[in-house]
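Shown next: model_34.cif, given as mmCIF, C-alpha atoms.
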```cif
data_entry
loop_
_atom_site.label_atom_id
_atom_site.label_comp_id
_atom_site.auth_asym_id
_atom_site.auth_seq_id
_atom_site.Cartn_x
_atom_site.Cartn_y
_atom_site.Cartn_z
CA MET W 1 0.00 0.00 0.00
CA TYR W 2 1.37 3.43 -0.92
CA LYS W 3 2.50 5.45 2.07
CA PRO W 4 2.76 9.19 1.36
CA PRO W 5 5.87 11.03 2.54
CA LEU W 6 5.75 12.24 6.12
CA THR W 7 5.39 15.92 5.34
CA ALA W 8 2.80 18.47 6.35
CA PRO W 9 0.01 19.05 3.80
CA ASN W 10 0.70 21.95 1.46
CA GLU W 11 -0.47 23.36 -1.86
CA ASP W 12 1.81 20.96 -3.74
CA GLN W 13 0.15 17.90 -2.21
CA PRO W 14 -3.61 18.48 -2.30
CA THR W 15 -6.09 16.11 -0.72
CA LEU W 16 -6.67 13.26 -3.14
CA ALA W 17 -10.06 12.07 -4.31
CA PRO W 18 -10.68 8.32 -3.80
CA CYS W 19 -10.13 7.61 -7.50
CA THR W 20 -6.83 9.49 -7.71
CA LEU W 21 -3.74 7.47 -8.52
CA ALA W 22 -0.35 8.50 -7.15
CA SER W 23 2.70 8.55 -9.39
CA ILE W 24 6.42 9.20 -9.66
CA GLU W 25 7.48 10.77 -12.97
CA LEU W 26 11.12 10.05 -13.86
CA PHE W 27 13.12 11.56 -16.74
CA ALA W 28 10.32 14.13 -16.95
CA GLY W 29 11.82 16.42 -19.60
CA ALA W 30 9.40 19.24 -20.34
CA GLY W 31 6.55 17.16 -18.89
CA GLY W 32 4.75 15.67 -21.91
CA LEU W 33 4.23 12.20 -20.43
CA ALA W 34 3.33 13.62 -17.01
CA LEU W 35 0.75 15.96 -18.57
CA GLY W 36 -0.91 13.03 -20.31
CA PHE W 37 -1.24 11.14 -17.04
CA SER W 38 -2.50 14.22 -15.21
CA GLU W 39 -5.49 14.21 -17.57
CA HIS W 40 -6.63 10.91 -16.04
CA GLY W 41 -6.67 11.59 -12.32
CA VAL W 42 -2.99 10.91 -11.64
CA ALA W 43 -1.35 12.99 -8.90
CA HIS W 44 2.42 13.19 -9.33
CA ARG W 45 4.16 12.83 -5.98
CA ALA W 46 7.63 13.37 -7.41
CA VAL W 47 8.81 14.77 -10.75
CA VAL W 48 12.49 14.10 -11.46
CA GLU W 49 14.61 15.59 -14.26
CA TRP W 50 18.33 16.35 -14.62
CA ASN W 51 18.25 18.93 -17.45
CA ALA W 52 18.20 22.45 -16.01
CA HIS W 53 16.34 23.97 -18.98
CA ALA W 54 13.55 21.39 -18.81
CA CYS W 55 13.31 21.89 -15.04
CA ASN W 56 13.03 25.63 -15.58
CA THR W 57 10.18 25.07 -18.04
CA ILE W 58 8.26 23.04 -15.43
CA ARG W 59 8.98 25.67 -12.76
CA HIS W 60 7.92 28.44 -15.15
CA ASN W 61 4.53 26.80 -15.68
CA LYS W 62 4.11 26.12 -11.97
CA ARG W 63 4.97 29.72 -11.12
CA HIS W 64 2.39 30.98 -13.61
CA GLN W 65 -0.29 28.64 -12.22
CA VAL W 66 -0.66 26.69 -15.47
CA GLU W 67 -2.97 23.72 -14.94
CA PRO W 68 -2.40 20.97 -14.00
CA ILE W 69 1.26 21.77 -13.33
CA SER W 70 0.30 24.17 -10.55
CA HIS W 71 -0.59 21.07 -8.48
CA TRP W 72 2.63 19.20 -9.18
CA PRO W 73 5.31 19.04 -6.50
CA ASP W 74 8.45 21.09 -7.02
CA VAL W 75 10.57 19.40 -9.67
CA THR W 76 13.56 17.46 -8.32
CA GLU W 77 16.52 18.60 -10.42
CA GLY W 78 19.41 16.15 -10.44
CA ASP W 79 20.69 12.74 -11.39
CA VAL W 80 18.04 10.07 -10.92
CA LYS W 81 20.81 7.79 -9.66
CA ASN W 82 20.71 9.79 -6.44
CA PHE W 83 16.94 9.75 -5.97
CA ASN W 84 15.70 8.06 -2.79
CA TYR W 85 12.53 5.98 -3.19
CA GLY W 86 12.14 5.18 0.49
CA ALA W 87 8.91 7.17 0.91
CA PHE W 88 7.16 5.70 -2.14
CA GLU W 89 6.90 1.96 -1.51
CA GLY W 90 3.80 0.50 -3.15
CA ILE W 91 2.92 3.67 -5.10
CA ASP W 92 0.37 3.22 -7.89
CA LEU W 93 2.51 4.24 -10.85
CA ILE W 94 6.01 4.96 -12.05
CA THR W 95 6.23 6.62 -15.46
CA GLY W 96 8.98 8.08 -17.56
CA GLY W 97 11.00 8.11 -20.74
CA PRO W 98 14.58 6.99 -20.03
CA PRO W 99 17.01 8.99 -22.21
CA CYS W 100 16.76 7.61 -25.71
CA GLN W 101 19.99 8.83 -27.33
CA PRO W 102 21.75 5.47 -26.81
CA PHE W 103 19.15 3.80 -29.04
CA SER W 104 18.13 6.62 -31.40
CA MET W 105 18.35 5.99 -35.15
CA GLY W 106 19.93 9.43 -35.41
CA GLY W 107 22.33 8.98 -32.51
CA LYS W 108 25.56 7.07 -31.99
CA HIS W 109 23.79 3.73 -31.38
CA GLY W 110 25.83 3.04 -28.24
CA GLY W 111 23.00 1.20 -26.50
CA PHE W 112 24.07 -0.54 -23.31
CA LEU W 113 27.64 0.77 -23.78
CA ASP W 114 26.36 4.36 -23.60
CA GLU W 115 26.56 5.98 -20.18
CA ARG W 116 23.32 7.83 -20.99
CA ASP W 117 21.39 4.53 -20.89
CA MET W 118 19.03 5.06 -17.95
CA PHE W 119 17.06 1.82 -18.16
CA PRO W 120 19.04 0.43 -15.19
CA GLN W 121 17.70 3.36 -13.15
CA ALA W 122 14.14 2.81 -14.36
CA ILE W 123 14.43 -0.82 -13.25
CA ARG W 124 15.89 0.24 -9.89
CA ALA W 125 12.85 2.46 -9.35
CA VAL W 126 10.53 -0.50 -9.97
CA ARG W 127 12.56 -2.76 -7.72
CA GLU W 128 12.70 -0.33 -4.79
CA THR W 129 9.09 0.93 -4.89
CA ARG W 130 7.18 -2.14 -6.17
CA PRO W 131 4.54 0.03 -7.88
CA ARG W 132 1.22 -1.39 -8.95
CA ALA W 133 2.18 -0.51 -12.52
CA PHE W 134 4.83 1.25 -14.58
CA VAL W 135 4.92 2.88 -18.02
CA PHE W 136 8.20 3.59 -19.80
CA GLU W 137 8.61 5.06 -23.29
CA ASN W 138 11.52 4.96 -25.69
CA VAL W 139 12.54 5.30 -29.33
CA GLN W 140 11.92 2.82 -32.12
CA GLY W 141 15.67 2.30 -32.45
CA LEU W 142 15.61 0.22 -29.28
CA THR W 143 13.76 -2.48 -31.25
CA ARG W 144 16.55 -2.76 -33.86
CA ALA W 145 18.02 -6.21 -34.43
CA ALA W 146 21.39 -4.97 -33.15
CA PHE W 147 19.82 -4.42 -29.72
CA ALA W 148 17.71 -7.62 -29.64
CA ASP W 149 19.50 -9.22 -26.71
CA TYR W 150 19.59 -6.02 -24.71
CA PHE W 151 15.89 -5.45 -25.45
CA ASP W 152 15.22 -8.92 -24.01
CA HIS W 153 17.42 -8.01 -21.05
CA ILE W 154 15.27 -4.94 -20.36
CA LEU W 155 12.03 -6.96 -20.58
CA LEU W 156 13.29 -9.69 -18.26
CA GLN W 157 14.58 -7.21 -15.69
CA LEU W 158 11.21 -5.48 -15.69
CA GLU W 159 9.48 -8.85 -15.30
CA PHE W 160 11.83 -9.93 -12.48
CA PRO W 161 13.19 -6.69 -10.98
CA SER W 162 14.31 -8.37 -7.76
CA LEU W 163 16.70 -10.71 -9.62
CA THR W 164 19.55 -8.21 -9.75
CA ALA W 165 22.95 -8.56 -11.35
CA LYS W 166 25.72 -9.87 -9.13
CA PRO W 167 28.74 -7.68 -8.37
CA LYS W 168 30.87 -7.34 -11.54
CA GLU W 169 28.45 -9.58 -13.50
CA GLN W 170 28.35 -8.57 -17.17
CA TRP W 171 24.92 -7.80 -18.61
CA GLY W 172 25.14 -10.76 -21.01
CA ASP W 173 25.73 -13.15 -18.12
CA HIS W 174 22.87 -11.56 -16.21
CA LEU W 175 20.64 -12.01 -19.26
CA ALA W 176 21.54 -15.72 -19.46
CA ARG W 177 20.68 -16.12 -15.77
CA LEU W 178 17.36 -14.33 -16.20
CA ARG W 179 16.44 -16.50 -19.19
CA LYS W 180 17.27 -19.63 -17.22
CA TRP W 181 15.23 -18.38 -14.26
CA LYS W 182 12.20 -17.67 -16.45
CA GLN W 183 12.29 -21.24 -17.82
CA LYS W 184 12.56 -22.79 -14.38
CA PRO W 185 9.42 -24.80 -13.47
CA GLY W 186 7.20 -23.00 -10.98
CA THR W 187 8.66 -19.56 -11.67
CA THR W 188 6.06 -16.79 -11.49
CA SER W 189 6.46 -13.31 -12.90
CA GLU W 190 6.74 -10.35 -10.55
CA TYR W 191 5.26 -8.11 -13.26
CA HIS W 192 3.23 -8.89 -16.36
CA VAL W 193 5.09 -6.84 -18.96
CA THR W 194 3.79 -5.87 -22.40
CA PHE W 195 5.53 -3.73 -25.00
CA LYS W 196 4.01 -2.02 -28.02
CA LEU W 197 5.64 -0.12 -30.89
CA VAL W 198 3.26 2.66 -31.92
CA ASN W 199 3.05 5.43 -34.49
CA ALA W 200 1.76 8.56 -32.75
CA ALA W 201 -0.10 9.55 -35.93
CA ASN W 202 -2.33 6.48 -35.54
CA TYR W 203 -3.63 7.94 -32.27
CA GLY W 204 -4.41 11.46 -33.48
CA VAL W 205 -1.06 13.19 -33.08
CA PRO W 206 -0.16 15.32 -36.13
CA GLN W 207 3.25 13.69 -36.34
CA LYS W 208 4.70 10.41 -37.62
CA ARG W 209 6.55 9.53 -34.45
CA MET W 210 7.44 5.90 -33.76
CA ARG W 211 7.85 5.02 -30.10
CA VAL W 212 7.87 1.85 -28.00
CA PHE W 213 5.95 1.68 -24.72
CA PHE W 214 6.70 -0.77 -21.91
CA VAL W 215 3.80 -1.34 -19.53
CA GLY W 216 4.05 -3.61 -16.52
CA ILE W 217 1.30 -4.57 -14.08
CA ARG W 218 2.31 -6.09 -10.76
CA ALA W 219 1.39 -9.77 -10.75
CA ASP W 220 -0.75 -9.56 -7.61
CA GLN W 221 -3.09 -7.17 -9.48
CA GLY W 222 -4.20 -10.08 -11.66
CA LYS W 223 -4.32 -7.97 -14.83
CA ILE W 224 -2.49 -7.69 -18.13
CA TRP W 225 -2.33 -4.46 -20.15
CA GLN W 226 -3.77 -4.47 -23.65
CA PRO W 227 -2.56 -1.65 -25.94
CA PRO W 228 -5.34 0.76 -26.94
CA ALA W 229 -6.77 0.36 -30.42
CA GLU W 230 -5.59 2.76 -33.11
CA THR W 231 -8.05 5.54 -33.92
CA HIS W 232 -6.55 7.25 -37.00
CA SER W 233 -5.02 6.13 -40.28
CA GLY W 234 -3.19 7.36 -43.37
CA ASP W 235 -5.69 5.67 -45.67
CA ALA W 236 -8.53 7.59 -44.03
CA LEU W 237 -6.58 10.81 -44.69
CA LEU W 238 -6.15 9.75 -48.31
CA LEU W 239 -9.91 9.28 -48.63
CA SER W 240 -10.57 12.64 -46.98
CA GLN W 241 -8.17 14.48 -49.29
CA TRP W 242 -8.62 12.74 -52.64
CA GLY W 243 -11.89 10.83 -52.27
CA SER W 244 -14.50 13.06 -50.64
CA ARG W 245 -12.13 16.09 -50.68
CA GLU W 246 -13.64 17.04 -47.33
CA TYR W 247 -10.14 17.91 -46.08
CA TRP W 248 -9.60 20.67 -48.67
CA ASP W 249 -13.12 22.01 -48.27
CA ARG W 250 -12.77 22.21 -44.50
CA HIS W 251 -9.54 24.19 -44.81
CA LYS W 252 -10.87 26.28 -47.71
CA VAL W 253 -7.92 25.34 -49.94
CA ALA W 254 -8.50 26.19 -53.60
CA THR W 255 -7.64 23.56 -56.20
CA ARG W 256 -4.65 25.51 -57.49
CA GLN W 257 -3.21 25.73 -53.96
CA ARG W 258 -3.34 22.00 -53.31
CA PRO W 259 -0.34 19.71 -53.74
CA PRO W 260 -0.24 17.43 -56.81
CA LYS W 261 -2.46 14.38 -56.59
CA PRO W 262 -0.31 11.32 -55.69
CA ALA W 263 0.32 8.88 -58.53
CA GLY W 264 -2.09 5.93 -58.52
CA VAL W 265 -4.30 7.48 -55.86
CA GLU W 266 -7.55 6.91 -57.78
CA LYS W 267 -6.94 3.16 -57.94
CA LYS W 268 -6.09 3.02 -54.24
CA ILE W 269 -9.15 5.04 -53.27
CA SER W 270 -11.37 2.77 -55.36
CA ALA W 271 -9.98 -0.26 -53.54
CA LEU W 272 -10.52 1.39 -50.15
CA ILE W 273 -14.12 2.28 -51.01
CA ASP W 274 -14.78 -1.27 -52.24
CA THR W 275 -13.69 -2.66 -48.87
CA ASP W 276 -15.65 0.01 -46.94
CA TYR W 277 -12.36 1.02 -45.36
CA GLY W 278 -12.12 3.67 -42.70
CA SER W 279 -15.70 3.71 -41.44
CA ASN W 280 -14.40 3.37 -37.87
CA LEU W 281 -11.11 5.28 -38.25
CA LEU W 282 -10.41 9.00 -38.40
CA ALA W 283 -8.01 10.65 -40.82
CA TRP W 284 -4.46 11.27 -39.73
CA ARG W 285 -4.10 14.83 -38.44
CA THR W 286 -1.78 16.93 -40.58
CA VAL W 287 0.48 19.90 -39.96
CA ARG W 288 -2.23 22.08 -41.52
CA ASP W 289 -4.79 20.64 -39.10
CA ALA W 290 -2.50 21.50 -36.18
CA ILE W 291 -1.50 25.06 -37.11
CA ALA W 292 -4.18 26.38 -39.51
CA ASP W 293 -5.52 28.95 -37.03
CA LEU W 294 -2.10 30.42 -36.23
CA PRO W 295 -1.04 33.57 -38.11
CA ASP W 296 1.97 33.54 -40.44
CA PRO W 297 4.89 34.31 -38.08
CA GLU W 298 6.77 36.20 -40.82
CA ARG W 299 3.87 38.53 -41.62
CA TYR W 300 2.32 38.86 -38.16
CA PRO W 301 5.13 38.52 -35.58
CA GLY W 302 4.27 38.66 -31.91
CA LYS W 303 0.56 37.97 -32.31
CA VAL W 304 0.73 34.59 -30.48
CA GLN W 305 2.88 33.60 -27.50
CA ALA W 306 6.00 31.62 -28.53
CA HIS W 307 5.14 32.02 -32.22
CA ARG W 308 8.16 33.91 -33.54
CA PHE W 309 9.77 33.45 -36.95
CA GLN W 310 13.23 31.89 -36.84
CA PRO W 311 15.39 32.55 -39.93
CA GLY W 312 17.95 30.22 -41.49
CA ALA W 313 15.94 27.18 -42.58
CA ARG W 314 17.33 25.38 -45.62
CA ILE W 315 16.91 22.10 -47.45
CA TYR W 316 19.78 19.65 -47.72
CA PRO W 317 19.98 15.98 -48.80
CA GLY W 318 17.71 13.80 -46.68
CA HIS W 319 16.25 16.80 -44.84
CA THR W 320 13.47 18.42 -46.81
CA GLY W 321 11.03 19.45 -44.08
CA SER W 322 7.54 18.28 -43.19
CA PRO W 323 4.83 18.66 -45.88
CA LEU W 324 1.96 20.88 -44.81
CA ASP W 325 -0.73 18.33 -45.67
CA GLU W 326 0.74 15.27 -43.95
CA PRO W 327 1.54 14.54 -40.32
CA ALA W 328 4.90 16.12 -39.49
CA LYS W 329 8.08 14.11 -39.50
CA ALA W 330 9.20 13.27 -35.97
CA LEU W 331 10.58 16.37 -34.29
CA LYS W 332 14.16 15.75 -33.21
CA ALA W 333 16.34 17.14 -30.44
CA GLY W 334 19.74 16.64 -32.09
CA ASP W 335 23.16 16.22 -30.50
CA HIS W 336 24.61 19.38 -32.06
CA GLY W 337 21.80 21.89 -32.32
CA VAL W 338 18.38 21.59 -33.92
CA PRO W 339 18.33 19.45 -37.08
CA GLY W 340 16.59 21.58 -39.69
CA GLY W 341 15.06 18.89 -41.89
CA GLU W 342 12.87 17.36 -39.20
CA ASN W 343 11.85 20.68 -37.64
CA MET W 344 10.92 22.58 -40.80
CA LEU W 345 7.61 23.25 -42.51
CA ARG W 346 7.59 22.60 -46.27
CA ARG W 347 4.89 24.63 -47.97
CA VAL W 348 2.99 23.45 -51.05
CA ASP W 349 5.21 25.64 -53.27
CA GLY W 350 8.33 23.91 -51.93
CA SER W 351 9.60 26.79 -49.78
CA VAL W 352 10.60 26.03 -46.20
CA ARG W 353 10.87 27.69 -42.82
CA TYR W 354 11.49 26.50 -39.30
CA PHE W 355 8.49 25.58 -37.19
CA THR W 356 7.97 28.14 -34.44
CA VAL W 357 7.96 27.02 -30.84
CA ARG W 358 4.16 27.23 -30.70
CA GLU W 359 3.79 25.24 -33.91
CA SER W 360 6.19 22.58 -32.60
CA ALA W 361 4.23 22.49 -29.36
CA ARG W 362 1.01 22.00 -31.34
CA ILE W 363 2.65 19.15 -33.26
CA GLN W 364 3.65 17.61 -29.92
CA THR W 365 0.07 18.32 -28.71
CA PHE W 366 1.07 20.52 -25.77
CA PRO W 367 -1.75 22.88 -24.78
CA ASP W 368 -1.48 26.51 -25.89
CA THR W 369 -1.39 27.53 -22.23
CA PHE W 370 1.93 25.71 -21.80
CA LEU W 371 4.92 28.04 -21.40
CA PHE W 372 8.53 27.28 -22.37
CA GLU W 373 11.72 28.57 -20.78
CA GLY W 374 15.05 28.99 -22.54
CA THR W 375 16.54 29.95 -25.89
CA TRP W 376 14.90 28.82 -29.15
CA GLY W 377 17.44 26.01 -29.52
CA GLU W 378 16.98 24.80 -25.95
CA ILE W 379 13.20 24.88 -26.21
CA MET W 380 13.22 23.01 -29.51
CA ARG W 381 15.49 20.42 -27.92
CA GLN W 382 12.97 19.98 -25.09
CA LEU W 383 10.18 19.56 -27.61
CA GLY W 384 12.20 17.11 -29.69
CA ASN W 385 12.73 14.94 -26.62
CA ALA W 386 9.13 15.12 -25.40
CA VAL W 387 6.39 12.52 -25.46
CA PRO W 388 3.37 13.93 -27.36
CA VAL W 389 0.86 14.85 -24.67
CA HIS W 390 -2.09 13.32 -26.51
CA LEU W 391 -0.27 10.02 -27.07
CA ALA W 392 0.66 10.00 -23.38
CA SER W 393 -2.99 10.62 -22.52
CA VAL W 394 -4.20 7.72 -24.67
CA MET W 395 -1.72 5.33 -23.03
CA ALA W 396 -2.45 6.75 -19.59
CA LYS W 397 -6.18 6.15 -19.96
CA SER W 398 -5.67 2.51 -20.85
CA VAL W 399 -3.42 1.92 -17.84
CA CYS W 400 -5.42 4.00 -15.35
CA ASP W 401 -8.69 2.36 -16.35
CA LEU W 402 -7.08 -1.03 -15.78
CA LEU W 403 -5.82 -0.07 -12.32
CA ARG W 404 -9.24 1.25 -11.34
CA ALA W 405 -11.22 -1.64 -12.81
#
```
Structure rendered as structure tokens:
Amino acid sequence: MYKPPLTAPNEDQPTLAPCTLASIELFAGAGGLALGFSEHGVAHRAVVEWNAHACNTIRHNKRHQVEPISHWPDVTEGDVKNFNYGAFEGIDLITGGPPCQPFSMGGKHGGFLDERDMFPQAIRAVRETRPRAFVFENVQGLTRAAFADYFDHILLQLEFPSLTAKPKEQWGDHLARLRKWKQKPGTTSEYHVTFKLVNAANYGVPQKRMRVFFVGIRADQGKIWQPPAETHSGDALLLSQWGSREYWDRHKVATRQRPPKPAGVEKKISALIDTDYGSNLLAWRTVRDAIADLPDPERYPGKVQAHRFQPGARIYPGHTGSPLDEPAKALKAGDHGVPGGENMLRRVDGSVRYFTVRESARIQTFPDTFLFEGTWGEIMRQLGNAVPVHLASVMAKSVCDLLRA
């Protein structure tokens, strides 16, 4: 049973309703995952992040009474390796996105050899608190064949967090021991662990962002998480744009201002109509869907908070920007500044410009009330590392409903 810290009640720890679930948010970044869980009656009891700029963003929102961050505890800035879980035994949830650079397709692919790999700390949190459930998010690159054994190592450690590595035991030897333990007759899992690779666009995020979610439910809860069904699709967008043309009519886009019709689209649409495709799925949300009501930042600067034109965008091989009438490419953080190709808007005429902070926040489905702290580059890095709030909310609902069932 979760025992709250022995501190006097204050504004950061309001009285909880009976249905409220208590959580620890690790590797919080700018707070995208935590915001998604806050939408479903989750009260964060600790929010931990090492990056000073991301911490300042959370503090900035808390100071300006932005909901629901105004009810979060003060962010704990520092290395998660030093965080003490003693007051949180049996808490409902642990959530977080361990730093993904070791496994990113655009990174150095160091994986378990990379000192930025924080999965060992995520597993320590599970082991020391024994939460009812946990949710961890990471990049698609973690599922690459090159990381197959380490991926299995992560899953088995999450399933058996108490079976720790021995002093000086190499991870490969620990993996072999875990595999042997799992096959041992009579062995029961400590957590029922499920993973799911998802495309954020398939859940209504205006961005093609592939991420893997790990969800574990403590065995004594007697439940297994089932990933939520997809709600949106690219084929439904195709039908909306080139079948019914409802998309162009809704946005009042004249024929001459539309992009060229894709080759072979008529044949594909005919096949989709013949199969009655898409009757239960919504169209992917596009960049235009996300930012259509924002003024042009070049022509109307300063009209919207955090919506300032940033000069210098250019196309180069492999980096051509995100088309206006598709979901955006995945926003990236980048090791050496903001990578232009992923964080640019490509207009129908082929011209490009950087997304503004507010546009990037829309693409990551942060609310317009959310405030960012730092330089343009630092803020874009926070956004590139964030979990889309809406995707977090969809996953949070599925887990929270299960815990309350």
Could you spell out the hits of the PyMOL selection byres ((chain W and resi 23) around 8) on the shown file, as a VMD selection string? chain W and resid 21 to 22 24 to 25 42 to 46 91 to 95
Distance of CA of Ser393 (chain W) from CA of Tyr247 (chain W), expressed in Å to one decimal place: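 The value is 25.7 Å.
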So what does the PyMOL selection byres ((chain W and resi 208) around 7) actually pick up in this one, as a PyMOL selection string? chain W and resi 199-201+207+209-210+327-330
Evaluate the PyMOL selection byres ((chain W and resi 323) around 8) against this structure - the residues, as a ChimeraX atom specification, please. /W:287,321-322,324-328,345-348
Using the file's own x, y and z axes, so that the box edges lie along x, y and z, what centre and edge lengths in Å (one decimal) does a box around every listed atom of region 250-256 of chain W get when 6 Å is added on each side? Give it as AutoDock Vina command-line options.
```
--center_x -8.7 --center_y 24.2 --center_z -51.0 --size_x 20.1 --size_y 16.1 --size_z 25.0
```
One number please: CA of Ala125 (chain W) to CA of Asn138 (chain W), in Å, one decimal.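 Interatomic distance here is 16.6 Å.
Distances here use only C-alpha atoms; by that measure, the residue among W:Met344, W:Val126, W:Val212, W:Cys400 closest to Gln310 (chain W) is W:Met344.
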At a cut-off of 12 Å, using only C-alpha atoms, what residues contact Arg177 (chain W)? Leave out same-chain residues fewer than 6 positions from it and give the result as a ChimeraX atom specification. /W:153,156-157,160,163-166,169-171,183-184
How many Å lie between CA of Val205 (chain W) and CA of Val389 (chain W), rounded to one decimal? 8.8 Å
Which polymer residues have any atom within 9 Å of an atom of Lys223 (chain W), counting all atoms listed in the file, with same-chain residues fewer than 6 positions away left out, as a PyMOL selection string? chain W and resi 192+217+402-403
Which is closest to Arg245 (chain W) among W:Ile224, W:Ala405, W:Ile69, W:Ala283, if we use all atoms listed in the file?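 For Arg245 (chain W), the nearest of the candidates is W:Ala283.
Closest to Trp284 (chain W) among W:Lys168, W:Lys332, W:Arg358, W:His232 is W:His232, based on all atoms listed in the file.
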Neighbour list for region 74-87 of chain W as a PyMOL selection string, cut-off 10 Å, all atoms listed in the file, skip fewer than 4 positions in-chain: chain W and resi 2-6+12+24-28+45-52+54-56+58-59+62+69-70+91+118+120-122+124-129
Hey, what's within 10 Å of Glu159 (chain W) if we count only C-alpha atoms and toss same-chain stuff fewer than 4 positions away? As a list in words, please? Ile123, Val126, His153, Ile154, Leu155, Leu163, Leu178, Lys182, Thr188, Ser189, Glu190, Tyr191, His192, Val193, Thr194, Gly216, Ile217, Arg218 and Ala219 of chain W
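The shortest atom-to-atom distance to Glu230 (chain W), with all atoms listed in the file taken into account, belongs to W:Gly204 out of W:Gly141, W:Gly204, W:Gly243, W:Pro388.
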Hey, can you pull every residue with an atom no more than 9 Å from (16.2, 20.7, -46.3), using all atoms listed in the file, and send it as a compact mmCIF listing (two decimals) with C-alpha atoms, in the coordinates of the input?
```txt
# COMPACT_ATOMS: atom_id res chain seq x y z
CA ALA W 313 15.94 27.18 -42.58
CA ARG W 314 17.33 25.38 -45.62
CA ILE W 315 16.91 22.10 -47.45
CA TYR W 316 19.78 19.65 -47.72
CA PRO W 317 19.98 15.98 -48.80
CA GLY W 318 17.71 13.80 -46.68
CA HIS W 319 16.25 16.80 -44.84
CA THR W 320 13.47 18.42 -46.81
CA GLY W 321 11.03 19.45 -44.08
CA GLY W 340 16.59 21.58 -39.69
CA GLY W 341 15.06 18.89 -41.89
CA GLU W 342 12.87 17.36 -39.20
CA MET W 344 10.92 22.58 -40.80
CA ARG W 346 7.59 22.60 -46.27
CA VAL W 352 10.60 26.03 -46.20
```
Check the smallest atom-to-atom distance from each of W:Ala263, W:Asn343, W:Gln382, W:Val357 to His307 (chain W) using only C-alpha atoms, then report the winner.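 The closest residue to His307 (chain W) is W:Val357.
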